[in-house]
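The next block holds one structure in the form of structure tokens; read it before the comments.
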Amino acid sequence: MGTRFVLRAIPVFCLSLLLAGLPALQNTLASAPETVTMPTYAQESSASDAQGYRTLQQNMSGEDVLRLKTRLQELGYFIATATLTDSYNSTMAYKVKKYQNDLGLKATGIATPELQALAFSENGGLSQSDPTPTPTPEMTVIDGTAYRTLQRNMSGEDVLRLKQRMQTLGFFNADAVLSDGYNSTMEYKVKQYQNVLGVKATGIATPQLQALIFTEDGGLSTAAPTPAPTTPPVTTEVATPAATPTPGTPATQQAEASAAPGETPTAAVEVIDGTAYRTLQKPMTGEDVLRLKQRMQELGFFAHDATLTDSYNSTMEYKVKQYQNVLGEKATGIATPQLQAIAFSQTGGLPAATPTPTPAVVYIDGVAYRTLKRNMSGEDVQRFKLRLQALGYFSKNTEITDQYNKTLEYKVKQYQDDLGVKATGIATPELQATAFSDYGGLPTPVPIALPSLPAVNAQGFLLVEGEEYVYENPELGQWIYLSSSLRIEITRYTREGKNPLIWYETDIRFTDDEAFTRFDAVEKPKASISTEYPQVIADRENLVLAFNDDFYGIRRFRGYKQGVIIRDGALIANEPYKQTMVVYMPPLDILAFFADGSAKAFYGNEYSAETLLDMGVRDTLCFGPVLLRAGEEGQQVADGKFSNLEPRCALGMIAPRHYLLMTVEGRHAGSKGTGLTWIALRMQELGVQEAVNLDGGNTTALVFRGQLINKVGTFDKKGIVLRGVRSVSSIMGIGRNLTAPAQATAD
């Protein structure tokens with residue numbers, strides 16, 4: 001189909017106002033047509049200060065990019081130990097957005113000459129944008145060094161230094177990648193250190209504790225020994241006094257020492273090849289237990305990144321049994337002196353044994369990553385999990401650990417599917433870098449080029465009443481309608497991969513002369529319920545835009561709960577669920593419309609129907625769940641509910657009389673559909689404040705000037721077969737065509 005448009009009595013000019021993605025600019029223009037003023041709480045440098053800089057943005061490189069990165073590092077936007085490149089990549093764009101947010105500027109991720117000049121000014125302009133500086137923490141000076149109390153959720157160079165010192169003392173693996181965040185793992189390590197010292201394990205690093213850690217031996221040589229366990233024996237993570245001869249040191253005796261009354265007797269020691277060993281078994285502890293564990297780690301019986309203790313616990317017993325099985329010996333789980341001597345031999349008695357290699361670390365944009373896979377653990381695993389949680393793959397209420405377990409492997413496969421890459425469940429350095437980029441590398445559509453549009457006013461509407469402009473290009477995936485009271489812009493996007501996706505973003509703006517209205521199917525005298533295809537209703541009513549609603553009519557016909565239905569300020573139905581939120585579809589959450597053109601999302605039973613009417617609600621769409629409230633994810637979406645891949649439709653308000661309609665194709669080879677988390681994140685990114693999911697599946701319909709735009713595949717389940725978009729009892733619509741679609745001329 002070729003491009004079609006209608007433009008009567010209006011010359012075509014160049015685009016005077018950007019079409020998509022600029023609500024903030026258009027709102028500013030609405031109030032000040034000739035002048036755009038930056039926010040008063042942050043001003044970029046003057047043009048004269050910006051001379052000598054070029055505009056920097058993603059995919060550029062050069063010395064000026066590296067200089068700006070270095071300056072942002074000085075300002076705290078990159079960690080001090082990061083190795084910086086001269087590439088303006090997605091990480092740099094993210095850091096620039098953070099900097100712009102801190103300045104109170106629009107977060108574009110683009111470093112204009114003015115922004116660069118501001119960055120290189122004193123304090124980077126940050127002191128001017130922060131009217132309430134963060135109070136300086138109370139410092140304690142010990143032996144000439146200042147310390148602050150460190151605890152969970154804090155960050156800074158002193159946290160990183162403390163972590164590095166604890167790594168030197170053996171509390172972190174030697175190859176662990178450390179951050180400057182005092183997270184749950186750091187809290188646990190501090191508790192371990194406090195246990196070894198014999199002090200109360202609070203997980204808080206006081207100035208006194210830090211001063212002790214930075215002494216020559218970290219205070220460990222003077223740590224109080226742990227008393228021997230009484231019957232029944234208890235396995236602990238605290239090291240016992242080292243009373244056993246070290247392997248490789250000649251023994252001076254081989255005997256069982258007699259114990260004084262009240263003391264635990266020393267185990268029998270046997271000397272083999274000049275090295276003394278004692279028999280080790282559950283639940284013993286000591287340095288020799290830790291050394292044997294470390295040797296078995298080298299032989300591959302413990303994961304290379306496992307944190308080992310000096311306790312001979314059930315895990316160690318199991319590993320010893322594994323080792324004995326490999327050697328062809330009886331699997332007792334007891335490490336005799338003879339078994340230990342074999343373990344410490346050159347090959348450990350294993351003909352093909354080779355030490356587990358240290359994992360390769362790859363640096364991407366100055367950040368070190370190792371390949372992460374199942375059964376691994378560490379801070380980097382926890383950071384990666386937290387990032388996937390932020391992207392919606394874990395619910396916000398999930399407790400995130402540092403373990404790469406089967407759940408994480410499954411979530412990584414989901415993420416890889418969404419990216420369109422092979423779903424291995426392994427987080428390569430490249431995958432992790434993608435996850436930490438803007439929007440996690442998930443589809444972030446770039447608006448297609450716009451056609452030349454006629455002259456419009458500051459709000460984006462045509463200047464002359466009674467005229468209209470229509471642009472249709474199905475091949476390109478773009479549909480536009482302009483009048484003096486309505487502006488519709490539809491853009492189609494696609495994503496390739498294992499789970500391909502096709503979706504439509506419809507930007508809807510209107511004046512107080514327009515409003516969303518419900519249109520019913522023509523009544524059929526002998527039919528139990530009257531239904532028509534959405535495009536048939538839209539064509540008969542001559543609607544500019546139409547889309548599926550909440551399927552209220554079918555629920556009423558089938559005797560299902562209807563929720564709170566308000567039409568033109570009158571209560572039609574009042575049947576919410578008793579609970580505020582339910583976990584089945586639909587939860588009957590509400591998108592309520594007000595007379596000023598605004599809308600607000602409510603949970604199904606959050607307010608009574610009478611209260612909603614008292615608030616001034618004029619109409620409601622009742623389906624759900626809530627996707628966004630005040631710009632934040634709805635509770636059920638945040639908890640990861642309704643994540644199955646389906647055709648979807650959602651409506652949300654960006655500002656009064658400015659809405660976004662999301663329509664997702666599904667159930668066919670070209671588009672599998674999507675879960676609600678992705679839709680909520682996308683709408684949030686586009687500035688939507690209040691949004692609710694509408695009926696989806698084969699009800700999903702997007703109609704422009706009487707023509708159905710989207711495609712839906714076949715549904716065949718529980719005896720119900722639907723092919724394509726189904727017939728419905730009603731639709732939502734806005735705007736009337738001034739020129740009938742059939743009379744439009746081809747371009």
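Residues in the structure tokens are numbered from 1 in each chain, the chains being A, B, ... in the order shown, and ligands are numbered from 1 in the order shown.
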Which parts of range 52-128 of chain A does DSSP call strand (DSSP E) when run on the backbone here, written out as a PDB file with all heavy atoms, in the first residue's frame?
ATOM      1  N   MET A  60      30.533   8.156  19.721  1.00  0.00           N
ATOM      2  CA  MET A  60      31.658   9.008  19.361  1.00  0.00           C
ATOM      3  C   MET A  60      32.870   8.603  20.191  1.00  0.00           C
ATOM      4  O   MET A  60      32.768   7.893  21.189  1.00  0.00           O
ATOM      5  CB  MET A  60      31.305  10.484  19.595  1.00  0.00           C
ATOM      6  CG  MET A  60      30.162  10.985  18.727  1.00  0.00           C
ATOM      7  SD  MET A  60      29.696  12.710  19.055  1.00  0.00           S
ATOM      8  CE  MET A  60      31.143  13.572  18.435  1.00  0.00           C
ATOM      9  N   SER A  61      34.057   9.062  19.777  1.00  0.00           N
ATOM     10  CA  SER A  61      35.277   8.782  20.523  1.00  0.00           C
ATOM     11  C   SER A  61      36.256   9.916  20.295  1.00  0.00           C
ATOM     12  O   SER A  61      36.083  10.750  19.404  1.00  0.00           O
ATOM     13  CB  SER A  61      35.892   7.444  20.087  1.00  0.00           C
ATOM     14  OG  SER A  61      36.227   7.474  18.712  1.00  0.00           O
ATOM     15  N   SER A  87      35.956   6.221  24.489  1.00  0.00           N
ATOM     16  CA  SER A  87      34.730   5.899  23.757  1.00  0.00           C
ATOM     17  C   SER A  87      33.508   6.409  24.516  1.00  0.00           C
ATOM     18  O   SER A  87      33.373   6.179  25.716  1.00  0.00           O
ATOM     19  CB  SER A  87      34.632   4.384  23.559  1.00  0.00           C
ATOM     20  OG  SER A  87      33.413   4.049  22.956  1.00  0.00           O
ATOM     21  N   TYR A  88      32.609   7.096  23.810  1.00  0.00           N
ATOM     22  CA  TYR A  88      31.359   7.593  24.395  1.00  0.00           C
ATOM     23  C   TYR A  88      30.316   6.485  24.203  1.00  0.00           C
ATOM     24  O   TYR A  88      29.537   6.474  23.270  1.00  0.00           O
ATOM     25  CB  TYR A  88      30.906   8.862  23.698  1.00  0.00           C
ATOM     26  CG  TYR A  88      29.949   9.738  24.502  1.00  0.00           C
ATOM     27  CD1 TYR A  88      30.335  10.993  24.945  1.00  0.00           C
ATOM     28  CD2 TYR A  88      28.669   9.308  24.816  1.00  0.00           C
ATOM     29  CE1 TYR A  88      29.474  11.800  25.673  1.00  0.00           C
ATOM     30  CE2 TYR A  88      27.804  10.103  25.545  1.00  0.00           C
ATOM     31  CZ  TYR A  88      28.218  11.358  25.969  1.00  0.00           C
ATOM     32  OH  TYR A  88      27.356  12.154  26.690  1.00  0.00           O
TER      33      TYR A  88
END
Exercise. What lies within 9 Å of range 703-719 of chain A using only C-alpha atoms, ignoring chain neighbours under 4 positions off, as a PyMOL selection string?
Worked result: chain A and resi 474+479+490+502-504+534-547+647+663-669+671+697-699+723-725+736-737+740-741
Go ahead and save the residues from that selection, with C-alpha atoms, as a PDB file, in the first residue's frame.
ATOM      1  CA  PRO A 474       1.953   1.215   6.515  1.00  0.00           C
ATOM      2  CA  TRP A 479       0.264   7.098  10.798  1.00  0.00           C
ATOM      3  CA  ILE A 490       1.251   6.167  15.614  1.00  0.00           C
ATOM      4  CA  ILE A 502       5.921  -5.916  17.069  1.00  0.00           C
ATOM      5  CA  TRP A 503       4.325  -3.048  18.935  1.00  0.00           C
ATOM      6  CA  TYR A 504       2.741   0.342  18.323  1.00  0.00           C
ATOM      7  CA  PRO A 534     -13.793  -2.997  16.223  1.00  0.00           C
ATOM      8  CA  GLN A 535     -13.008  -1.627  12.756  1.00  0.00           C
ATOM      9  CA  VAL A 536     -16.680  -1.928  11.782  1.00  0.00           C
ATOM     10  CA  ILE A 537     -17.773   0.153  14.787  1.00  0.00           C
ATOM     11  CA  ALA A 538     -14.997   2.690  14.174  1.00  0.00           C
ATOM     12  CA  ASP A 539     -15.834   3.058  10.487  1.00  0.00           C
ATOM     13  CA  ARG A 540     -19.546   3.529  11.172  1.00  0.00           C
ATOM     14  CA  GLU A 541     -18.810   6.197  13.804  1.00  0.00           C
ATOM     15  CA  ASN A 542     -16.230   7.873  11.486  1.00  0.00           C
ATOM     16  CA  LEU A 543     -13.599   7.773  14.248  1.00  0.00           C
ATOM     17  CA  VAL A 544     -10.038   8.999  13.781  1.00  0.00           C
ATOM     18  CA  LEU A 545      -8.658   6.594  16.407  1.00  0.00           C
ATOM     19  CA  ALA A 546     -10.266   3.587  18.065  1.00  0.00           C
ATOM     20  CA  PHE A 547      -8.954   0.846  20.328  1.00  0.00           C
ATOM     21  CA  PRO A 647      -0.893  -9.556  22.880  1.00  0.00           C
ATOM     22  CA  THR A 663      -0.516  -1.921  21.495  1.00  0.00           C
ATOM     23  CA  VAL A 664       1.486  -5.174  21.261  1.00  0.00           C
ATOM     24  CA  GLU A 665       0.924  -7.865  18.643  1.00  0.00           C
ATOM     25  CA  GLY A 666       1.138 -11.522  19.673  1.00  0.00           C
ATOM     26  CA  ARG A 667       0.242 -15.160  19.097  1.00  0.00           C
ATOM     27  CA  HIS A 668       1.862 -15.283  15.644  1.00  0.00           C
ATOM     28  CA  ALA A 669       5.332 -16.052  14.292  1.00  0.00           C
ATOM     29  CA  SER A 671       5.440 -11.352  17.349  1.00  0.00           C
ATOM     30  CA  GLY A 697      -5.226 -11.269  23.777  1.00  0.00           C
ATOM     31  CA  ASN A 698      -7.411 -11.449  20.690  1.00  0.00           C
ATOM     32  CA  THR A 699      -9.388  -8.437  21.922  1.00  0.00           C
ATOM     33  CA  ARG A 723      -8.565 -16.305  14.708  1.00  0.00           C
ATOM     34  CA  GLY A 724      -7.463 -12.703  14.503  1.00  0.00           C
ATOM     35  CA  VAL A 725      -9.075  -9.791  16.324  1.00  0.00           C
ATOM     36  CA  ARG A 736     -14.194  12.430  13.992  1.00  0.00           C
ATOM     37  CA  ASN A 737     -12.783  12.448  10.458  1.00  0.00           C
ATOM     38  CA  ALA A 740     -14.115  10.309   4.964  1.00  0.00           C
ATOM     39  CA  PRO A 741     -11.253   7.799   4.656  1.00  0.00           C
TER      40      PRO A 741
END
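DSSP annotation of range 528-560 of chain A from backbone atoms: helix (DSSP H, G or I) residues are Pro534, Gln535, Val536, Ile537, Ala538, Asp539, Arg540, Tyr552, Gly553, Ile554, Arg555, Arg556, Phe557 and Arg558 of chain A.
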Who sits within 7 Å of range 556-560 of chain A, only C-alpha atoms, same chain under 3 positions skipped, as an mmCIF file with N, CA, C and O atoms, in the first residue's frame:
data_model
loop_
_atom_site.group_PDB
_atom_site.id
_atom_site.type_symbol
_atom_site.label_atom_id
_atom_site.label_comp_id
_atom_site.auth_asym_id
_atom_site.auth_seq_id
_atom_site.Cartn_x
_atom_site.Cartn_y
_atom_site.Cartn_z
ATOM 1 N N ILE A 529 -26.154 -11.138 23.121
ATOM 2 C CA ILE A 529 -25.243 -10.005 23.280
ATOM 3 C C ILE A 529 -24.841 -9.541 21.898
ATOM 4 O O ILE A 529 -24.595 -10.351 20.996
ATOM 5 N N TYR A 552 -15.972 -4.731 29.266
ATOM 6 C CA TYR A 552 -16.986 -4.688 30.323
ATOM 7 C C TYR A 552 -18.279 -5.384 29.894
ATOM 8 O O TYR A 552 -18.903 -6.114 30.673
ATOM 9 N N GLY A 553 -18.683 -5.187 28.615
ATOM 10 C CA GLY A 553 -19.948 -5.755 28.154
ATOM 11 C C GLY A 553 -19.983 -7.273 28.232
ATOM 12 O O GLY A 553 -21.001 -7.872 28.609
#
Problem set entry | Selection: 12 Å around Arg161 in chain A, only C-alpha atoms, excl. self and same-chain fewer than 2 positions, as JSON, numbers by chain | {"A": [80, 81, 147, 150, 155, 156, 157, 158, 159, 163, 164, 165, 166, 167, 168, 178, 179, 180, 181, 182, 210, 213, 214]}
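Non-sequential neighbours of Arg387 in chain A (distance at most 12 Å, separation of 6 or more positions within a chain, only C-alpha atoms) are A:Asp380, A:Val381, A:Tyr393, A:Phe394, A:Ser395, A:Lys396, A:Ile400, A:Leu408, A:Lys411, A:Val412, A:Tyr415, A:Leu431, A:Gln432, A:Ala433, A:Thr434, A:Ala435, A:Phe436, A:Ser437, A:Asp438, A:Tyr439, A:Gly440.
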For this session: Write out as number ranges by chain the residues lying within 10 Å of Arg291 in chain A, counting only C-alpha atoms and excluding same-chain residues fewer than 3 positions away.
Result: A: 246-247, 286-288, 294-297, 308-310, 344
Filtering to C-alpha atoms, could you give me those residues as a compact mmCIF listing (two decimals), in the first residue's frame?
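Just written: selection_32.txt:
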# COMPACT_ATOMS: atom_id res chain seq x y z
CA THR A 246 52.15 -27.38 59.27
CA PRO A 247 52.48 -29.73 56.28
CA GLY A 286 41.71 -25.78 62.46
CA GLU A 287 44.26 -24.45 60.01
CA ASP A 288 44.99 -27.95 58.71
CA GLN A 294 42.29 -25.20 49.76
CA ARG A 295 44.20 -28.15 48.27
CA MET A 296 40.94 -29.86 47.31
CA GLN A 297 39.84 -26.58 45.75
CA LEU A 308 36.40 -21.63 52.45
CA THR A 309 36.32 -21.85 56.24
CA ASP A 310 38.43 -23.88 58.68
CA PHE A 344 49.30 -32.83 48.94
Exercise. If we count only C-alpha atoms, what is near range 217-221 of chain A at a cut-off of 12 Å, once residues fewer than 5 positions away on the same chain are taken out, given as a list in words?
Worked result: Leu162, Arg165, Met166, Gln167, Thr168, Leu169, Gly170, Phe171, Gln192, Tyr193, Gln194, Asn195, Val196, Leu197, Gly198, Val199, Gln208, Leu209, Gln210, Ala211, Leu212, Val238, Ala239, Pro241 and Ala242 of chain A
Output file for the residues above (N, CA and C atoms, as a tab-separated table (two decimals), in the first residue's frame):
chain	number	residue	atom	x	y	z
A	162	LEU	N	38.60	-0.30	52.84
A	162	LEU	CA	38.38	-1.29	53.90
A	162	LEU	C	38.16	-2.67	53.28
A	165	ARG	N	41.50	-4.05	52.23
A	165	ARG	CA	42.29	-4.52	53.37
A	165	ARG	C	41.77	-5.87	53.85
A	166	MET	N	40.44	-6.03	53.88
A	166	MET	CA	39.86	-7.30	54.31
A	166	MET	C	40.15	-8.40	53.29
A	167	GLN	N	40.29	-8.01	52.02
A	167	GLN	CA	40.70	-8.98	51.01
A	167	GLN	C	42.13	-9.45	51.27
A	168	THR	N	43.00	-8.51	51.64
A	168	THR	CA	44.38	-8.85	51.98
A	168	THR	C	44.42	-9.82	53.17
A	169	LEU	N	43.50	-9.64	54.12
A	169	LEU	CA	43.46	-10.49	55.31
A	169	LEU	C	42.74	-11.81	55.05
A	170	GLY	N	42.21	-12.01	53.82
A	170	GLY	CA	41.62	-13.29	53.46
A	170	GLY	C	40.12	-13.39	53.60
A	171	PHE	N	39.44	-12.28	53.87
A	171	PHE	CA	37.98	-12.34	54.06
A	171	PHE	C	37.23	-12.23	52.73
A	192	GLN	N	32.05	-11.70	60.15
A	192	GLN	CA	33.03	-12.78	60.24
A	192	GLN	C	34.29	-12.31	60.95
A	193	TYR	N	34.78	-11.13	60.54
A	193	TYR	CA	35.99	-10.57	61.14
A	193	TYR	C	35.78	-10.32	62.64
A	194	GLN	N	34.61	-9.77	62.99
A	194	GLN	CA	34.33	-9.52	64.41
A	194	GLN	C	34.26	-10.82	65.19
A	195	ASN	N	33.70	-11.88	64.58
A	195	ASN	CA	33.67	-13.18	65.25
A	195	ASN	C	35.08	-13.69	65.54
A	196	VAL	N	35.97	-13.55	64.56
A	196	VAL	CA	37.35	-14.00	64.75
A	196	VAL	C	38.03	-13.22	65.87
A	197	LEU	N	37.71	-11.93	65.96
A	197	LEU	CA	38.29	-11.10	67.03
A	197	LEU	C	37.68	-11.41	68.39
A	198	GLY	N	36.52	-12.07	68.37
A	198	GLY	CA	35.84	-12.36	69.63
A	198	GLY	C	35.05	-11.19	70.17
A	199	VAL	N	34.66	-10.25	69.27
A	199	VAL	CA	33.83	-9.11	69.68
A	199	VAL	C	32.43	-9.31	69.12
A	208	GLN	N	37.19	2.46	65.50
A	208	GLN	CA	38.13	1.62	66.25
A	208	GLN	C	38.38	0.30	65.52
A	209	LEU	N	37.31	-0.30	64.95
A	209	LEU	CA	37.49	-1.56	64.23
A	209	LEU	C	38.35	-1.35	62.98
A	210	GLN	N	38.11	-0.25	62.26
A	210	GLN	CA	38.90	0.02	61.06
A	210	GLN	C	40.37	0.24	61.40
A	211	ALA	N	40.62	0.97	62.49
A	211	ALA	CA	42.01	1.20	62.89
A	211	ALA	C	42.71	-0.12	63.19
A	212	LEU	N	41.98	-1.06	63.81
A	212	LEU	CA	42.54	-2.37	64.12
A	212	LEU	C	42.81	-3.16	62.84
A	238	VAL	N	34.54	-19.99	63.24
A	238	VAL	CA	35.62	-19.29	63.90
A	238	VAL	C	36.82	-20.21	64.01
A	239	ALA	N	37.99	-19.73	63.63
A	239	ALA	CA	39.19	-20.55	63.66
A	239	ALA	C	39.59	-20.88	65.08
A	241	PRO	N	42.67	-22.31	67.79
A	241	PRO	CA	44.11	-22.07	67.85
A	241	PRO	C	44.85	-23.09	67.01
A	242	ALA	N	45.83	-22.63	66.27
A	242	ALA	CA	46.60	-23.52	65.41
A	242	ALA	C	47.58	-24.32	66.23
